[in-house]
Amino acid sequence: MDLQAKIRTLPTEPGVYLYKNAEGDVIYVGKAKNLRSRVASYFHEARWEDAKTGTLIREAVDVDYIVVANNKEALALENNLIKQRKPRFNILLRDDKTYPYVKLTLGERWPRVYVTRRLRKDGSAYYGPYFPANLAYRIVDLIHRNFLIPSCKVDLTRFHPRPCLQYYIRRCLGPCVQELTTRDAYQEAVRDVKLFLEGRPTDLSRSLHSRMEQAAAAEQYERAARYRDLISTVEQLQERQRIAAAEGDDADVFGYHYEHGMLAVNLFHMRGGKMVDRREFFWEDLPEFAADVVDAADGLQTTDHGGTAAPHGPDEPRSHAHLARGADEDGEQSSQAALGPDHRGRLSPQVGERPDASFSPGEFFSALLKQLYIGQPYVPRNLYVPVDFEDRAALEDFLSEQHAGEGARAPRVYILVPQRGDKRSLIDLAGNNAKQSYDQRFRVLKPNAQKIQEELQETLSLPELPKRVECFDISHIQGAETVASMVVWEDGKMKKSDYRKFIIRTVEGVDDFASMREVVTRRYKRLQEENKPLPSLVLIDGGLGQLHAAAEALDALEIINQPLAAIAKREEILYVYGQEKDPIALDHHSPVLHLMQLIRDEAHRFAVTFHRKRRQMRDRSTELLEIPGVGASTTRRLLEHFGSVQAVRQADSAALSAVVTRTQAEAIRSHFQK
């Protein structure tokens, strides 16, 4: 059945359609209230004049579809399929910055708490996201100090002979050693942490009060004092939360700048009426397809994910033709706003924006908001966007119902398009910041060292600002003359005085993993013996095998919680130890990736240079070793003094006698004269 005939058999129900190319790859995913009408609209003769639509249709040879019960289900399914299939003609979220969550590993026998940037279905509980990023680390540190639940990577499936430092400084209950704690005491602490992270301070305070009274009645005064201190901490945090809640609602504010086919978006996170952080997004290869389609079920011509705002000139007010629910004092457009007179759904550019017929802001923000918020554990009450789009009302309802089971703690979500007033000023401010972000990314402004360090800390979830990075690489040819290098990046530049070379001694043949294990062991055993501080990050040139070999070496030295990562060649993927299942693939413009590549390439250069020198010494010494009376130590002295075999060959007896004995000098001269 050809494509046109298949389209005539599509149902008229709501659903999701998937265009495929000749290789069977999904190249576009869309949703529709009426599948047959929406898909057929791509083949109207007038549409073929649109180069972008023509590109899609020329590549499409098949269409699949999935029927759903209603438009909201179609919206959710479309978002999931776009994230899963990553079609070339859809707008895809590329995020240079993700915010951290606090992870409580409830699936473990002895649960622990971590900071993570990726949500997984692994039986753990996730709380967040936290703004700014260091707030998650402060919360975890508070949990260590007050609830004594650890974040270590120690194997807790078995008992160990002694606990680590965290136990001795009273930041861990010590589940790694038998009889230091009990299951009941540990589970009690885990329940307290769960109540704390869930934002239930009243329940937690009530429970702590009860336990404090019981401990005091049993004359366990130290335990009662610990509960008293916990109650004080919880009540102080609760008071701060009340103050923040009284200052204003949570909101996310969007602004954008588009120019020369490249796009920068800024997202301001407002929490409790205050801006707590800023997030940046960049696109330099937006999909070619951003075409207008006809949805016969609605009787409207709009963009596929497009906007509905009326056009206006640069000096005209940002108003819409009609508002069904009206507007508030800031001119916020309601989700039931009628379509403006611009039936093509093109939206006017933001302040400072250059209009471009190939870019539809409404379509873009529809796709962006779906990928940002659908399926997330928290969505702020208000989302302020610079442009309207077709399915805003449906997305607003969907996000509101997403957490409907949480009752009063999950208020309705509003997607608003402020036209004037303070909220419009916030959007314009976000737009101006997006312009600055655009200049910094696409006009190649060099970021300062402090900013790169901050981004590196956030990207790799480092506990503190990285000041020193030590990177290791192995070099050999088929196992011969295996050497290793260590280079150092410190305070924004390479520190060559701290570079180190290693000759691999215990490994025979080709075994990069064992070689990495040896060199990491030698390096950090020496630091332990000299009582010197460890680096902010240990970086390994290689993949998961080298990363785990380095981790085994550190574990054998009982070095715990040392930040450790690897950067794989070719793929340029970062693997962070403890999060290997979630490798970090950074944008190729990212300053963090550039820094990691710089350090990795320097380690590789240093290792290869050392390997070549040793190989040349080996090759050059072969002829000298053939001379009677000349051994390895004599050969080394000659090459160090003269620099090469050629220089030894050209030296006279007097010059040779300055390095070796007269008898050896005569033997060398006689050898080369022959």
# chains A, B, ... in the order shown; residues from 1 in each chain; ligands from 1
call {"tool": "residues_around", "arguments": {"residues": "Leu557 of chain A", "least_positions_apart": "2", "cutoff": "8 Å", "atoms": "only C-alpha atoms", "output": "number ranges by chain"}}
result
A: 521, 524-525, 553-555, 559
call {"tool": "select_by_dssp", "arguments": {"residues": "segment 106-196 of chain A", "states": "helix (DSSP H, G or I)", "output": "PyMOL selection string"}}
result
chain A and resi 134-147+165-168+183-196
call {"tool": "residues_around", "arguments": {"residues": "segment 609-612 of chain A", "least_positions_apart": "6", "cutoff": "9 Å", "atoms": "only C-alpha atoms", "output": "ChimeraX atom specification"}}
result
/A:475-477,481-485,501
call {"tool": "select_by_dssp", "arguments": {"residues": "segment 408-653 of chain A", "states": "strand (DSSP E)", "output": "NGL selection string"}}
result
:A and (414-418 or 468-477 or 480-490 or 493-494 or 500-503 or 537-541 or 564-567 or 574-576)
call {"tool": "write_last_selection", "arguments": {"atoms": "N, CA and C atoms", "output": "compact mmCIF listing (two decimals), in the first residue's frame"}}
result
# COMPACT_ATOMS: atom_id res chain seq x y z
N TYR A 414 -0.35 27.51 35.53
CA TYR A 414 -0.81 28.49 34.55
C TYR A 414 0.33 28.82 33.59
N ILE A 415 0.04 28.72 32.29
CA ILE A 415 0.99 29.14 31.26
C ILE A 415 0.49 30.48 30.74
N LEU A 416 1.22 31.55 31.03
CA LEU A 416 0.75 32.90 30.78
C LEU A 416 1.66 33.63 29.80
N VAL A 417 1.05 34.56 29.05
CA VAL A 417 1.79 35.38 28.08
C VAL A 417 1.59 36.84 28.46
N PRO A 418 2.34 37.37 29.42
CA PRO A 418 2.15 38.76 29.84
C PRO A 418 2.40 39.73 28.69
N ARG A 468 42.09 21.89 41.20
CA ARG A 468 43.19 21.11 40.66
C ARG A 468 42.64 19.83 40.04
N VAL A 469 43.02 19.56 38.81
CA VAL A 469 42.63 18.34 38.10
C VAL A 469 43.91 17.61 37.70
N GLU A 470 44.00 16.32 38.04
CA GLU A 470 45.12 15.49 37.62
C GLU A 470 44.62 14.45 36.62
N CYS A 471 45.25 14.39 35.46
CA CYS A 471 44.79 13.52 34.37
C CYS A 471 45.87 12.51 34.02
N PHE A 472 45.46 11.24 33.81
CA PHE A 472 46.38 10.14 33.52
C PHE A 472 46.11 9.55 32.14
N ASP A 473 47.20 9.15 31.48
CA ASP A 473 47.10 8.47 30.18
C ASP A 473 48.18 7.40 30.10
N ILE A 474 47.89 6.33 29.36
CA ILE A 474 48.83 5.21 29.15
C ILE A 474 49.26 5.22 27.69
N SER A 475 50.54 4.95 27.43
CA SER A 475 51.04 4.91 26.06
C SER A 475 51.97 3.72 25.88
N HIS A 476 51.79 2.99 24.76
CA HIS A 476 52.66 1.86 24.42
C HIS A 476 52.41 1.46 22.97
N ILE A 477 53.24 0.61 22.45
CA ILE A 477 53.00 0.00 21.14
C ILE A 477 53.04 -1.51 21.32
N ALA A 480 54.93 -2.80 24.32
CA ALA A 480 56.36 -2.53 24.48
C ALA A 480 56.56 -1.13 25.03
N GLU A 481 57.52 -1.00 25.95
CA GLU A 481 57.88 0.29 26.52
C GLU A 481 56.64 1.03 27.05
N THR A 482 55.82 0.34 27.83
CA THR A 482 54.60 0.96 28.36
C THR A 482 54.95 2.02 29.39
N VAL A 483 54.40 3.22 29.19
CA VAL A 483 54.63 4.33 30.10
C VAL A 483 53.29 5.00 30.40
N ALA A 484 53.30 5.88 31.38
CA ALA A 484 52.10 6.64 31.73
C ALA A 484 52.50 8.07 32.00
N SER A 485 51.54 8.95 31.85
CA SER A 485 51.79 10.37 32.13
C SER A 485 50.72 10.89 33.08
N MET A 486 51.08 11.91 33.83
CA MET A 486 50.12 12.64 34.65
C MET A 486 50.36 14.13 34.42
N VAL A 487 49.31 14.83 33.96
CA VAL A 487 49.40 16.27 33.79
C VAL A 487 48.45 16.94 34.78
N VAL A 488 48.71 18.20 35.06
CA VAL A 488 47.96 18.91 36.10
C VAL A 488 47.42 20.22 35.56
N TRP A 489 46.11 20.42 35.78
CA TRP A 489 45.47 21.70 35.53
C TRP A 489 45.14 22.30 36.89
N GLU A 490 45.61 23.53 37.13
CA GLU A 490 45.39 24.14 38.44
C GLU A 490 45.10 25.62 38.28
N LYS A 493 44.93 27.02 34.54
CA LYS A 493 45.97 26.80 33.54
C LYS A 493 46.74 25.52 33.85
N MET A 494 47.46 25.03 32.84
CA MET A 494 48.25 23.82 33.02
C MET A 494 49.49 24.16 33.86
N ARG A 500 54.16 14.51 35.78
CA ARG A 500 54.93 13.34 36.19
C ARG A 500 54.90 12.27 35.08
N LYS A 501 56.05 11.55 34.97
CA LYS A 501 56.16 10.42 34.05
C LYS A 501 56.29 9.13 34.86
N PHE A 502 55.73 8.06 34.33
CA PHE A 502 55.78 6.77 35.02
C PHE A 502 56.20 5.69 34.02
N ILE A 503 57.15 4.86 34.43
CA ILE A 503 57.49 3.65 33.67
C ILE A 503 56.76 2.49 34.33
N LEU A 537 39.70 16.69 41.25
CA LEU A 537 39.17 15.71 40.30
C LEU A 537 40.33 14.90 39.74
N VAL A 538 40.14 13.60 39.66
CA VAL A 538 41.06 12.71 38.94
C VAL A 538 40.40 12.37 37.61
N LEU A 539 41.05 12.72 36.51
CA LEU A 539 40.51 12.50 35.17
C LEU A 539 41.32 11.42 34.48
N ILE A 540 40.62 10.46 33.88
CA ILE A 540 41.26 9.33 33.20
C ILE A 540 41.01 9.44 31.70
N ASP A 541 42.07 9.31 30.92
CA ASP A 541 41.93 9.27 29.46
C ASP A 541 41.57 7.84 29.07
N LEU A 564 36.06 11.25 40.57
CA LEU A 564 36.79 10.49 39.55
C LEU A 564 35.95 10.44 38.29
N ALA A 565 36.55 10.74 37.14
CA ALA A 565 35.82 10.74 35.87
C ALA A 565 36.75 10.30 34.75
N ALA A 566 36.15 9.90 33.63
CA ALA A 566 36.93 9.50 32.45
C ALA A 566 36.31 10.16 31.23
N ILE A 567 37.15 10.47 30.25
CA ILE A 567 36.67 11.03 28.99
C ILE A 567 37.09 10.08 27.87
N LEU A 574 31.73 11.90 28.79
CA LEU A 574 32.28 11.91 30.14
C LEU A 574 31.57 10.87 30.98
N TYR A 575 32.35 10.01 31.64
CA TYR A 575 31.82 9.04 32.59
C TYR A 575 32.24 9.46 33.99
N VAL A 576 31.28 9.65 34.88
CA VAL A 576 31.56 10.00 36.27
C VAL A 576 31.42 8.75 37.12
call {"tool": "closest_residue", "arguments": {"among": "A:Gly492, A:Pro111, A:Gly261, A:Gly174", "to": "Arg191 of chain A", "atoms": "only C-alpha atoms"}}
result
A:Pro111
